Every structure is written in structure tokens, then in C-alpha cells.
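So this block is data_36.txt, compact mmCIF, C-alpha atoms:
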# COMPACT_ATOMS: atom_id res chain seq x y z
CA MET A 244 -150.10 -26.56 29.86
CA ARG A 245 -151.60 -23.94 27.62
CA GLY A 246 -150.15 -25.61 24.54
CA LYS A 247 -153.34 -27.49 23.72
CA SER A 248 -152.35 -30.86 25.09
CA VAL A 249 -155.36 -33.12 24.79
CA VAL A 250 -154.27 -35.23 27.75
CA ALA A 251 -153.82 -32.21 29.98
CA ASP A 252 -157.18 -30.91 28.86
CA ALA A 253 -158.87 -34.20 29.68
CA ARG A 254 -157.27 -34.13 33.09
CA GLU A 255 -158.56 -30.63 33.72
CA VAL A 256 -162.08 -31.62 32.70
CA ALA A 257 -161.96 -34.64 35.00
CA ARG A 258 -160.79 -32.46 37.84
CA ALA A 259 -163.48 -29.86 37.21
CA THR A 260 -166.06 -32.65 37.12
CA GLU A 261 -164.92 -33.87 40.49
CA LEU A 262 -165.06 -30.38 41.94
CA ILE A 263 -168.54 -29.72 40.59
CA GLU A 264 -169.74 -32.98 42.04
CA LEU A 265 -168.38 -31.94 45.41
CA GLY A 266 -170.45 -28.78 45.10
CA MET A 267 -167.91 -26.17 44.11
CA ARG A 268 -169.18 -22.87 42.77
CA LEU A 269 -168.42 -21.69 39.28
CA GLN A 270 -166.45 -18.64 40.37
CA MET A 271 -163.98 -20.87 42.17
CA LEU A 272 -163.70 -23.28 39.31
CA GLU A 273 -162.76 -20.40 37.08
CA SER A 274 -159.85 -19.53 39.30
CA GLU A 275 -158.78 -23.12 39.89
CA THR A 276 -158.88 -24.59 36.41
CA PRO A 277 -157.64 -23.19 33.10
CA LEU A 278 -160.92 -24.12 31.40
CA SER A 279 -162.99 -21.35 29.89
CA ARG A 280 -166.11 -20.05 31.51
CA GLU A 281 -168.36 -21.35 28.76
CA ARG A 282 -167.00 -24.84 29.02
CA LEU A 283 -167.33 -24.83 32.77
CA THR A 284 -170.92 -23.62 32.55
CA LYS A 285 -171.70 -26.34 30.06
CA LEU A 286 -170.05 -28.94 32.24
CA TYR A 287 -171.95 -27.69 35.26
CA LYS A 288 -175.30 -27.88 33.50
CA GLU A 289 -174.57 -31.35 32.25
CA LEU A 290 -173.60 -32.64 35.68
CA LYS A 291 -176.13 -30.89 37.86
CA GLY A 292 -178.95 -30.48 35.38
CA LYS A 293 -179.32 -26.80 36.20
CA SER A 294 -177.54 -23.50 35.77
CA PRO A 295 -174.81 -22.66 38.24
CA PRO A 296 -175.97 -20.43 41.09
CA LYS A 297 -175.15 -16.78 40.72
CA GLY A 298 -174.34 -14.30 43.39
CA MET A 299 -171.41 -13.65 45.62
CA LEU A 300 -169.31 -16.22 47.36
CA PRO A 301 -169.21 -16.18 51.14
CA PHE A 302 -166.40 -13.85 52.07
CA SER A 303 -166.51 -13.32 55.80
CA THR A 304 -163.71 -14.62 57.99
CA ASP A 305 -165.96 -14.35 61.04
CA TRP A 306 -167.97 -17.41 60.09
CA PHE A 307 -164.92 -19.60 60.67
CA VAL A 308 -164.54 -18.55 64.27
CA THR A 309 -168.11 -19.13 65.38
CA TRP A 310 -168.47 -22.24 67.48
CA MET A 311 -169.65 -25.11 65.31
CA PRO A 312 -168.07 -23.90 62.07
CA ASN A 313 -164.82 -23.47 63.97
CA ILE A 314 -164.78 -27.13 64.96
CA HIS A 315 -165.30 -28.18 61.38
CA SER A 316 -162.83 -25.66 59.98
CA SER A 317 -160.18 -26.68 62.46
CA LEU A 318 -160.69 -30.32 61.63
CA PHE A 319 -160.44 -29.55 57.94
CA MET A 320 -157.32 -27.45 58.34
CA GLY A 321 -155.72 -30.12 60.51
CA ILE A 322 -156.18 -32.73 57.82
CA TYR A 323 -155.13 -30.31 55.10
CA GLN A 324 -151.88 -29.42 56.78
CA HIS A 325 -151.15 -33.03 57.53
CA LEU A 326 -151.59 -33.95 53.86
CA ILE A 327 -149.50 -31.01 52.68
CA LYS A 328 -146.71 -31.95 55.03
CA VAL A 329 -146.50 -35.64 54.28
CA SER A 330 -146.89 -35.50 50.53
CA GLU A 331 -146.31 -33.30 47.56
CA LEU A 332 -149.72 -32.44 46.23
CA ASP A 333 -150.74 -29.34 44.39
CA ASP A 334 -153.18 -27.14 46.22
CA ILE A 335 -156.32 -28.20 44.47
CA ASP A 336 -155.62 -31.92 44.78
CA ALA A 337 -154.87 -31.47 48.44
CA LEU A 338 -158.16 -29.62 48.78
CA ILE A 339 -160.12 -32.40 47.09
CA LYS A 340 -158.46 -35.15 49.10
CA THR A 341 -158.84 -33.28 52.36
CA TYR A 342 -162.46 -32.55 51.64
CA ARG A 343 -163.17 -36.21 50.97
CA LEU A 344 -161.49 -37.20 54.23
CA TYR A 345 -163.49 -34.52 55.99
CA LEU A 346 -166.79 -35.80 54.56
CA GLU A 347 -165.83 -39.29 55.64
CA GLN A 348 -165.04 -38.04 59.12
CA CYS A 349 -168.42 -36.31 59.34
CA SER A 350 -170.32 -39.40 58.38
CA ALA A 351 -168.25 -41.48 60.79
CA MET A 352 -169.17 -39.07 63.57
CA ASP A 353 -172.81 -38.77 62.55
CA MET A 354 -172.37 -35.06 62.18
CA GLU A 355 -173.93 -32.73 59.74
CA VAL A 356 -171.56 -31.45 57.07
CA VAL A 357 -171.11 -27.84 58.03
CA LEU A 358 -168.22 -26.84 55.83
CA SER A 359 -169.07 -26.74 52.14
CA ILE A 360 -166.29 -27.10 49.63
CA THR A 361 -166.69 -23.43 48.80
CA ARG A 362 -166.09 -22.53 52.42
CA ALA A 363 -163.23 -24.99 52.64
CA TRP A 364 -161.57 -23.36 49.66
CA ARG A 365 -162.09 -19.91 51.15
CA LEU A 366 -160.62 -21.16 54.39
CA VAL A 367 -157.43 -22.33 52.71
CA ARG A 368 -157.22 -19.01 50.87
CA PHE A 369 -157.78 -17.01 54.04
CA VAL A 370 -155.00 -18.90 55.75
CA ASP A 371 -152.69 -18.36 52.77
CA ALA A 372 -153.53 -14.68 52.83
CA LYS A 373 -152.82 -14.61 56.57
CA MET A 374 -156.30 -13.44 57.45
CA LEU A 375 -156.85 -16.58 59.46
CA ARG A 376 -154.29 -18.77 61.12
CA LEU A 377 -154.07 -21.72 63.48
CA ALA A 378 -153.53 -21.30 67.19
CA THR A 379 -152.70 -24.00 69.70
CA CYS A 380 -155.14 -24.47 72.54
CA THR A 381 -153.34 -24.22 75.88
CA CYS A 382 -155.57 -26.92 77.31
CA CYS A 383 -155.78 -29.75 74.76
CA HIS A 384 -152.90 -28.67 72.46
CA GLY A 385 -155.09 -29.04 69.40
CA GLU A 386 -154.84 -26.47 66.65
CA PHE A 387 -157.79 -24.25 65.94
CA VAL A 388 -158.63 -21.62 63.38
CA VAL A 389 -158.45 -18.08 64.71
CA ARG A 390 -158.35 -14.63 63.14
CA GLU A 391 -154.94 -13.20 62.45
CA TYR A 392 -155.08 -10.56 65.17
CA ASP A 393 -156.76 -12.59 67.86
CA LEU A 394 -154.73 -12.78 71.03
CA THR A 395 -153.76 -16.36 71.52
CA ARG A 396 -151.16 -16.59 74.24
CA HIS A 397 -153.71 -18.01 76.64
CA TYR A 398 -156.00 -19.35 73.96
CA VAL A 399 -158.48 -22.02 75.01
CA CYS A 400 -160.51 -23.64 72.26
CA GLY A 401 -164.28 -23.78 72.06
CA LEU A 402 -164.22 -27.47 72.81
CA CYS A 403 -162.25 -27.30 76.04
CA ASN A 404 -164.28 -24.35 77.18
CA VAL A 405 -167.71 -24.81 75.68
CA PRO A 406 -169.73 -21.58 75.60
CA SER A 407 -173.04 -21.86 77.39
CA ARG A 408 -175.29 -21.68 74.38
CA ALA A 409 -173.05 -23.63 72.05
CA GLY A 410 -174.78 -25.98 69.67
CA LYS A 411 -178.24 -24.85 70.69
CA LYS A 412 -178.89 -23.23 67.40
CA ARG A 413 -182.06 -22.67 65.53
CA PRO A 414 -181.56 -25.00 62.59
CA VAL A 415 -180.61 -22.84 59.63
CA ALA A 416 -181.08 -19.24 60.61
CA GLU A 417 -178.17 -19.08 63.02
CA ALA A 418 -175.86 -21.36 61.14
CA LEU A 419 -175.79 -18.96 58.24
CA PRO A 420 -173.32 -16.15 58.57
CA VAL A 421 -174.32 -12.55 58.57
CA ALA A 422 -172.48 -11.10 55.62
CA ALA A 423 -170.25 -8.46 57.11
CA MET B 598 -145.53 -66.89 78.69
CA ILE B 599 -147.35 -66.53 75.43
CA ASP B 600 -148.82 -69.63 73.80
CA GLU B 601 -148.57 -70.80 70.22
CA SER B 602 -152.08 -69.75 69.23
CA MET B 603 -151.42 -66.19 70.31
CA LEU B 604 -148.27 -66.10 68.20
CA ALA B 605 -150.30 -67.29 65.25
CA GLU B 606 -152.78 -64.52 65.88
CA ILE B 607 -150.01 -61.95 65.97
CA ARG B 608 -148.74 -63.15 62.63
CA GLU B 609 -152.19 -63.02 61.21
CA ALA B 610 -152.83 -59.52 62.51
CA ASN B 611 -149.49 -58.38 61.11
CA LEU B 612 -150.24 -59.76 57.71
CA THR B 613 -153.75 -58.32 57.60
CA TYR B 614 -152.39 -54.98 58.68
CA LEU B 615 -149.66 -54.95 56.06
CA ILE B 616 -151.98 -55.97 53.27
CA LEU B 617 -154.52 -53.34 54.25
CA ALA B 618 -151.83 -50.69 54.59
CA GLN B 619 -150.48 -51.50 51.16
CA ARG B 620 -153.92 -51.42 49.59
CA MET B 621 -154.65 -48.07 51.17
CA LEU B 622 -151.39 -46.61 49.94
CA ARG B 623 -151.89 -47.91 46.45
CA ALA B 624 -155.44 -46.61 46.27
CA ASP B 625 -154.42 -43.13 47.32
CA ARG B 626 -151.02 -42.46 48.70
CA ALA B 627 -151.60 -39.15 50.47
CA GLN B 628 -154.86 -40.20 52.07
CA GLY B 629 -153.37 -43.56 53.00
CA MET B 630 -150.47 -41.91 54.73
CA PHE B 631 -152.86 -39.70 56.65
CA ARG B 632 -155.00 -42.61 57.74
CA LEU B 633 -152.04 -44.77 58.69
CA GLY B 634 -150.18 -41.94 60.33
CA ILE B 635 -146.94 -42.81 58.60
CA GLY B 636 -144.35 -40.78 56.75
CA GLU B 637 -143.15 -40.72 53.17
CA GLU B 638 -140.26 -43.11 53.73
CA VAL B 639 -142.22 -45.85 55.47
CA ALA B 640 -145.04 -45.46 52.96
CA GLY B 641 -142.59 -46.08 50.13
CA ILE B 642 -141.27 -49.24 51.75
CA VAL B 643 -144.68 -50.69 52.56
CA GLU B 644 -145.98 -49.87 49.11
CA ALA B 645 -143.13 -51.73 47.44
CA LEU B 646 -143.32 -54.94 49.49
CA SER B 647 -144.03 -58.12 47.55
CA THR B 648 -146.41 -60.71 48.93
CA ALA B 649 -143.56 -63.06 49.86
CA GLN B 650 -141.81 -60.23 51.64
CA MET B 651 -144.96 -59.33 53.52
CA ILE B 652 -145.38 -62.86 54.79
CA LYS B 653 -141.77 -62.91 55.89
CA VAL B 654 -142.00 -59.55 57.60
CA ALA B 655 -145.27 -60.49 59.29
CA SER B 656 -143.90 -63.65 60.89
CA THR B 657 -142.38 -62.28 64.02
CA ASN B 658 -143.36 -62.49 67.64
CA MET B 659 -144.07 -58.78 67.75
CA LEU B 660 -147.15 -56.91 66.70
CA MET B 661 -146.37 -54.46 63.93
CA CYS B 662 -149.17 -52.00 64.49
CA LYS B 663 -149.16 -50.13 67.74
CA LEU B 664 -151.70 -48.04 69.56
CA ARG B 665 -151.60 -44.74 67.86
CA PHE B 666 -152.72 -42.37 70.57
CA ASP B 667 -150.41 -41.97 73.49
CA ASP B 668 -152.29 -38.90 74.49
CA ARG B 669 -154.54 -39.30 77.49
CA MET B 670 -156.75 -36.51 76.26
CA VAL B 671 -157.57 -38.33 73.03
CA TRP B 672 -158.41 -41.53 74.87
CA ASN B 673 -160.69 -39.74 77.26
CA LEU B 674 -162.49 -38.19 74.34
CA ILE B 675 -163.01 -41.26 72.23
CA ALA B 676 -163.75 -43.59 75.12
CA SER B 677 -166.28 -41.35 76.82
CA ASN B 678 -169.95 -42.19 76.54
CA ASP B 679 -171.63 -38.85 76.92
CA ASP B 680 -174.64 -37.59 75.10
CA ASP B 681 -172.61 -35.24 72.93
CA LEU B 682 -170.33 -37.96 71.67
CA ALA B 683 -170.17 -36.49 68.19
CA ILE B 684 -168.52 -33.34 69.50
CA LYS B 685 -166.07 -35.38 71.54
CA LYS B 686 -165.16 -37.39 68.50
CA ALA B 687 -164.69 -34.23 66.48
CA HIS B 688 -162.39 -32.91 69.18
CA ALA B 689 -160.40 -36.11 69.13
CA ALA B 690 -160.20 -35.98 65.33
CA ILE B 691 -158.76 -32.47 65.48
CA LEU B 692 -156.13 -33.61 67.95
CA VAL B 693 -155.27 -36.69 65.94
CA ALA B 694 -155.02 -34.86 62.62
CA ARG B 695 -152.35 -32.67 64.16
CA THR B 696 -150.06 -35.55 65.10
CA LEU B 697 -147.51 -36.08 62.39
CA PRO B 698 -145.49 -39.23 61.95
CA GLU B 699 -142.14 -39.04 63.71
CA ALA B 700 -140.13 -39.85 60.60
CA ALA B 701 -141.85 -37.64 58.08

Can the structure from this file be put into C-alpha cells for me?
Amino acid sequence: MRGKSVVADAREVARATELIELGMRLQMLESETPLSRERLTKLYKELKGKSPPKGMLPFSTDWFVTWMPNIHSSLFMGIYQHLIKVSELDDIDALIKTYRLYLEQCSAMDMEVVLSITRAWRLVRFVDAKMLRLATCTCCHGEFVVREYDLTRHYVCGLCNVPSRAGKKRPVAEALPVAA
Amino acid sequence: MIDESMLAEIREANLTYLILAQRMLRADRAQGMFRLGIGEEVAGIVEALSTAQMIKVASTNMLMCKLRFDDRMVWNLIASNDDDLAIKKAHAAILVARTLPEAA
């Protein structure tokens, strides 16, 4: 891979292009592709017409367990695990394919896209790192994202047991996580 | 007793289904398998079918695609006509994504 193969390099650039178009942040691209930071920055500017955003990536696991994000995260994770199980994809390809299916699902349901690709990537990482996991709802038997140490023996998901103020958010202010 | 026109429709549905399935698998195998809800083995077979084979396979008196959800919960969710249909659909999608093909 590192041995300067032009074909491999072209493939990496194509992949990075796809990821940038899906809205991935530069920090993640750096860890997911072997391309150098300068090249990625250049690529980013060329594709988006502006410099990549600076600042920290979202890092809280709590966001994924709040009501609406949890629905989207659980949907994403469900698709991701399905793809991983039925086919042999490497992580980043599985992420891209899952994310595309997720976007499709959102538009089919007329729902706002809540999970950005950055969040989706974090989600997969959090699950790998065992900070988040999936628990089965005792009511509908669907699998939902929960924190590692949440008690889940009698777990009921937010969709079977909708909290009283669920979905009645102020547009952006509440949807954004409080960085913990 | 089923009449001749219905048999013709079954054949037609079978063929359309097979052609679509094959196109989906060839476009993107992993996503196709997810959408079809089939496993690796079946995907391989469908992908490799020639047109002549597809026509032959499609001409039976049985429908080749079957209703995918045998879960009452899923049906209730997708068939409901509430105001928060989007949420119901999302719930159904989560439940469906979980179901893996039997012969994976």
C-alpha cells in the first residue's frame, strides 16, 4: 500500500473525494486514508470551494442516546451491522455504503437527516471501543444504541415508550449536544 | 382454481423481480443484499444467472418473492396512518434492518 502504487493512490483519492462530498471532516479523513494532510486539504478546497472547518469533532456519547438522535443512530447501526454480517467490506466502505442507505431511508421517510457522517463515524468508533452498544428492546425486539453501562434487562426503547416531550424541540438549539 | 392470466402475471412478476434483483446486486452487491434481504449464497446464484436461465426459473406457478415481514409489529407500523408516520416508518426500518436472511 505504501509502496507508491499509482492505482492504489488513485483509489484512495477517489475514496477521500467521496467522503468529503458526504461531509466528512478533515480530522477523520486523516485517520481513514493514508493521504497526507496537505493533499487532503487541497482536495477539500477543490471540492467544497472553502477551507475545511477547524475545531474539535463532536465527542460526546450522550448525544446518541437522546431521543431523536437515538432513532437515527439505531437505524444507522442496524444497517451497518447488517452490511458487515452479509458481506466482507472494510470498515470505511461499509461506513460509506451504510451512510448512503441511511440518507436514502431519510428521504424516503421525509425525515430530516440528523446523523452527519462525522457522527456516524464516531458512532461506529464508540461501538468498537465499547463505549456504546446495542440493546434489544423488550417490547418491539428492535436493537437500539445505549451506553455501555446502561441497565438493559428491562430496556424499552424510546419508540415503544415515547417520552412526553419527545420531538417537540426548538429547531436547532436543542438538537445540538451540550459538549460534556 | 387459478386462471391462465394469473399464471402469466406470476411469471411476469417473477421475471421482473429476478431482473431487478440481479441489477441491484450488480450495481452494488452489499447494498443489494441488504435491500433484498438475502444472504451471500443466494446473492451469488442470482447474480450469475443468464437471461435464458432467468426466464426458465421465472416460469413456474409459484411466486418467487414473498412478503418479507412476518412480524405483526412491523406491519402495524408501516400500515398505520397516524400523524407521526415518519417516526413509525423509522421504527419499522430499525426493526427490518435487524432481520438477517436465514441462510446468511

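For the pair atom CA of A:Glu273 and atom CA of A:Leu326, the interatomic distance is 24.3 Å.
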
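By chain and then residue number, the residues within 8 Å of B:Ile675 are Val671, Trp672, Asn673, Ser677, Lys685, Lys686 and Ala689 of chain B, counting all atoms listed in the file and disregarding those fewer than 2 positions away in sequence.
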
Exercise. Counting all atoms listed in the file, figure out which residue out of B:Arg608, B:Arg632, B:Arg620, B:Arg626 gets nearest to B:Ala690.
Key: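 Among the listed residues, B:Arg632 lies closest to B:Ala690.
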
Quiz prompt | Shell around B:Ile652 at 12 Å using only C-alpha atoms, local window under 6 positions removed, as a list of chain:residue names | solution =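 That gives B:Arg608, B:Glu609, B:Ala610, B:Asn611, B:Leu612, B:Thr613, B:Tyr614, B:Leu615, B:Ile616, B:Leu646.
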
Quiz item: Leaving out A:Phe319 and any residue of its chain fewer than 4 positions from it, which residues lie within 8 Å of it when counting only C-alpha atoms, given as JSON, numbers by chain?
Solution: {"A": [315, 323, 341, 342, 345, 363]}

Selected residues, C-alpha atoms, written as a tab-separated table (two decimals), in the frame of the given file, please.
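Contents of selection.tsv, freshly written:
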chain	number	residue	atom	x	y	z
A	315	HIS	CA	-165.30	-28.18	61.38
A	323	TYR	CA	-155.13	-30.31	55.10
A	341	THR	CA	-158.84	-33.28	52.36
A	342	TYR	CA	-162.46	-32.55	51.64
A	345	TYR	CA	-163.49	-34.52	55.99
A	363	ALA	CA	-163.23	-24.99	52.64

Quiz item: Between A:Arg268, A:Lys340, A:Arg280, A:Arg258, which is the closest to chain B once you count all atoms listed in the file?
Solution: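 That would be A:Lys340, the residue with the smallest distance to chain B.
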
Quiz item: What's the 9 Å shell around stretch 382-399 of chain A, counting all atoms listed in the file, without same-chain residues fewer than 3 positions away, as an MDAnalysis selection string?
Solution: (chainID A and resid 304:305 307:308 313:314 316:318 320:321 370 373:379 402:404) or (chainID B and resid 670:671 688:689 691:695)

Can I get the selection written as a tab-separated table (two decimals), in the coordinates of the input, with C-alpha atoms?
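Saved to part-v6.tsv:
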chain	number	residue	atom	x	y	z
A	304	THR	CA	-163.71	-14.62	57.99
A	305	ASP	CA	-165.96	-14.35	61.04
A	307	PHE	CA	-164.92	-19.60	60.67
A	308	VAL	CA	-164.54	-18.55	64.27
A	313	ASN	CA	-164.82	-23.47	63.97
A	314	ILE	CA	-164.78	-27.13	64.96
A	316	SER	CA	-162.83	-25.66	59.98
A	317	SER	CA	-160.18	-26.68	62.46
A	318	LEU	CA	-160.69	-30.32	61.63
A	320	MET	CA	-157.32	-27.45	58.34
A	321	GLY	CA	-155.72	-30.12	60.51
A	370	VAL	CA	-155.00	-18.90	55.75
A	373	LYS	CA	-152.82	-14.61	56.57
A	374	MET	CA	-156.30	-13.44	57.45
A	375	LEU	CA	-156.85	-16.58	59.46
A	376	ARG	CA	-154.29	-18.77	61.12
A	377	LEU	CA	-154.07	-21.72	63.48
A	378	ALA	CA	-153.53	-21.30	67.19
A	379	THR	CA	-152.70	-24.00	69.70
A	402	LEU	CA	-164.22	-27.47	72.81
A	403	CYS	CA	-162.25	-27.30	76.04
A	404	ASN	CA	-164.28	-24.35	77.18
B	670	MET	CA	-156.75	-36.51	76.26
B	671	VAL	CA	-157.57	-38.33	73.03
B	688	HIS	CA	-162.39	-32.91	69.18
B	689	ALA	CA	-160.40	-36.11	69.13
B	691	ILE	CA	-158.76	-32.47	65.48
B	692	LEU	CA	-156.13	-33.61	67.95
B	693	VAL	CA	-155.27	-36.69	65.94
B	694	ALA	CA	-155.02	-34.86	62.62
B	695	ARG	CA	-152.35	-32.67	64.16

Self-check item: Top pick for closest residue to B:Thr657, considering B:Glu606, B:Asp625, B:Asp681, B:Asp600 and counting all atoms listed in the file
Solution: B:Glu606

Practice problem: Using all atoms listed in the file, find the one residue out of A:Met271, A:Leu262, A:Met299, A:Ala253 that sits nearest to A:Arg343. | Solution: A:Leu262

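The gap separating atom CA of A:Gly401 from atom CA of A:Met311 is 8.7 Å, in Å to one decimal.
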
Quiz item: For B:Lys663, which residue among B:Ala687, B:Leu617, B:Met603, B:Leu633 is the nearest when counting only C-alpha atoms?
Solution: B:Leu633

Which centre and edge lengths in Å to one decimal define the box along x, y and z that fits every listed atom of stretch 317-336 of chain A plus 8 Å per side, as AutoDock Vina command-line options?
--center_x -153.5 --center_y -31.2 --center_z 53.4 --size_x 30.4 --size_y 25.0 --size_z 34.1

Quiz prompt | All residues 7 Å or closer to B:Ala683, all atoms listed in the file, same chain fewer than 4 positions away omitted, as a PyMOL selection string | solution = (chain A and resi 352-354) or (chain B and resi 687)

Would you mind exporting the chosen residues as a PDB file, keeping the file's coordinate frame, restricted to C-alpha atoms?
ATOM      1  CA  MET A 352    -169.170 -39.070  63.570  1.00  0.00           C
ATOM      2  CA  ASP A 353    -172.810 -38.770  62.550  1.00  0.00           C
ATOM      3  CA  MET A 354    -172.370 -35.060  62.180  1.00  0.00           C
TER       4      MET A 354
ATOM      5  CA  ALA B 687    -164.690 -34.230  66.480  1.00  0.00           C
TER       6      ALA B 687
END

Exercise. Between atom CA of B:Asn658 and atom CA of B:Leu604, measure the distance and give it in Å to one decimal.
Key: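 Taking atom CA of B:Asn658 and atom CA of B:Leu604, their separation equals 6.1 Å.
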
Exercise. Find the residue from A:Lys247, A:His325, A:Arg254, A:Lys285 that sits nearest to chain B; use all atoms listed in the file when measuring.
Key: A:His325

Please reconstruct the missing atoms of stretch 656-666 of chain B (target: all heavy atoms) and return them as a short mmCIF file (atom, residue, chain, number, x, y, z; two decimals), in the coordinates of the input.
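result_19.cif, freshly written:
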data_model
loop_
_atom_site.label_atom_id
_atom_site.label_comp_id
_atom_site.auth_asym_id
_atom_site.auth_seq_id
_atom_site.Cartn_x
_atom_site.Cartn_y
_atom_site.Cartn_z
N SER B 656 -144.13 -62.55 59.96
CA SER B 656 -143.90 -63.65 60.89
C SER B 656 -142.86 -63.31 61.94
O SER B 656 -141.72 -63.75 61.86
CB SER B 656 -143.42 -64.90 60.14
OG SER B 656 -143.93 -64.93 58.86
N THR B 657 -143.27 -62.51 62.88
CA THR B 657 -142.38 -62.28 64.02
C THR B 657 -143.22 -62.48 65.27
O THR B 657 -144.41 -62.74 65.17
CB THR B 657 -141.84 -60.83 64.04
OG1 THR B 657 -142.95 -59.95 64.22
CG2 THR B 657 -141.10 -60.49 62.78
N ASN B 658 -142.58 -62.35 66.41
CA ASN B 658 -143.36 -62.49 67.64
C ASN B 658 -143.82 -61.13 68.16
O ASN B 658 -144.28 -61.00 69.28
CB ASN B 658 -142.55 -63.22 68.70
CG ASN B 658 -141.26 -62.51 68.98
OD1 ASN B 658 -140.88 -61.58 68.25
ND2 ASN B 658 -140.59 -62.90 70.04
N MET B 659 -143.66 -60.10 67.31
CA MET B 659 -144.07 -58.78 67.75
C MET B 659 -145.16 -58.22 66.85
O MET B 659 -145.14 -58.44 65.64
CB MET B 659 -142.88 -57.83 67.72
CG MET B 659 -142.10 -57.87 69.01
SD MET B 659 -140.67 -56.83 68.92
CE MET B 659 -139.58 -57.80 67.92
N LEU B 660 -146.08 -57.52 67.48
CA LEU B 660 -147.15 -56.91 66.70
C LEU B 660 -146.60 -55.67 65.99
O LEU B 660 -145.89 -54.86 66.57
CB LEU B 660 -148.28 -56.52 67.65
CG LEU B 660 -149.68 -56.45 67.05
CD1 LEU B 660 -150.03 -57.75 66.35
CD2 LEU B 660 -150.69 -56.15 68.12
N MET B 661 -146.95 -55.55 64.71
CA MET B 661 -146.37 -54.46 63.93
C MET B 661 -147.13 -53.15 64.02
O MET B 661 -146.61 -52.09 63.77
CB MET B 661 -146.27 -54.88 62.47
CG MET B 661 -145.44 -56.12 62.32
SD MET B 661 -145.10 -56.44 60.62
CE MET B 661 -144.09 -55.06 60.22
N CYS B 662 -148.43 -53.26 64.33
CA CYS B 662 -149.17 -52.00 64.49
C CYS B 662 -149.26 -51.69 65.98
O CYS B 662 -149.48 -52.58 66.78
CB CYS B 662 -150.56 -52.13 63.89
SG CYS B 662 -151.32 -53.72 64.13
N LYS B 663 -149.06 -50.46 66.32
CA LYS B 663 -149.16 -50.13 67.74
C LYS B 663 -150.25 -49.11 67.99
O LYS B 663 -150.72 -48.46 67.06
CB LYS B 663 -147.82 -49.62 68.25
CG LYS B 663 -147.40 -48.28 67.71
CD LYS B 663 -146.26 -47.73 68.54
CE LYS B 663 -146.02 -46.27 68.18
NZ LYS B 663 -145.16 -45.60 69.10
N LEU B 664 -150.66 -49.00 69.23
CA LEU B 664 -151.70 -48.04 69.56
C LEU B 664 -151.23 -46.65 69.20
O LEU B 664 -150.13 -46.24 69.58
CB LEU B 664 -152.04 -48.13 71.05
CG LEU B 664 -152.83 -49.36 71.44
CD1 LEU B 664 -153.00 -49.40 72.94
CD2 LEU B 664 -154.17 -49.39 70.76
N ARG B 665 -152.06 -45.97 68.46
CA ARG B 665 -151.60 -44.74 67.86
C ARG B 665 -151.63 -43.56 68.81
O ARG B 665 -150.82 -42.65 68.73
CB ARG B 665 -152.49 -44.45 66.67
CG ARG B 665 -152.06 -43.27 65.87
CD ARG B 665 -152.77 -43.31 64.56
NE ARG B 665 -152.56 -42.09 63.83
CZ ARG B 665 -153.16 -41.84 62.68
NH1 ARG B 665 -153.98 -42.72 62.18
NH2 ARG B 665 -152.94 -40.73 62.05
N PHE B 666 -152.57 -43.56 69.71
CA PHE B 666 -152.72 -42.37 70.57
C PHE B 666 -152.04 -42.60 71.90
O PHE B 666 -152.47 -43.42 72.68
CB PHE B 666 -154.19 -42.07 70.81
CG PHE B 666 -155.04 -42.24 69.59
CD1 PHE B 666 -156.16 -43.04 69.61
CD2 PHE B 666 -154.68 -41.62 68.40
CE1 PHE B 666 -156.93 -43.19 68.48
CE2 PHE B 666 -155.45 -41.77 67.26
CZ PHE B 666 -156.58 -42.57 67.31
#
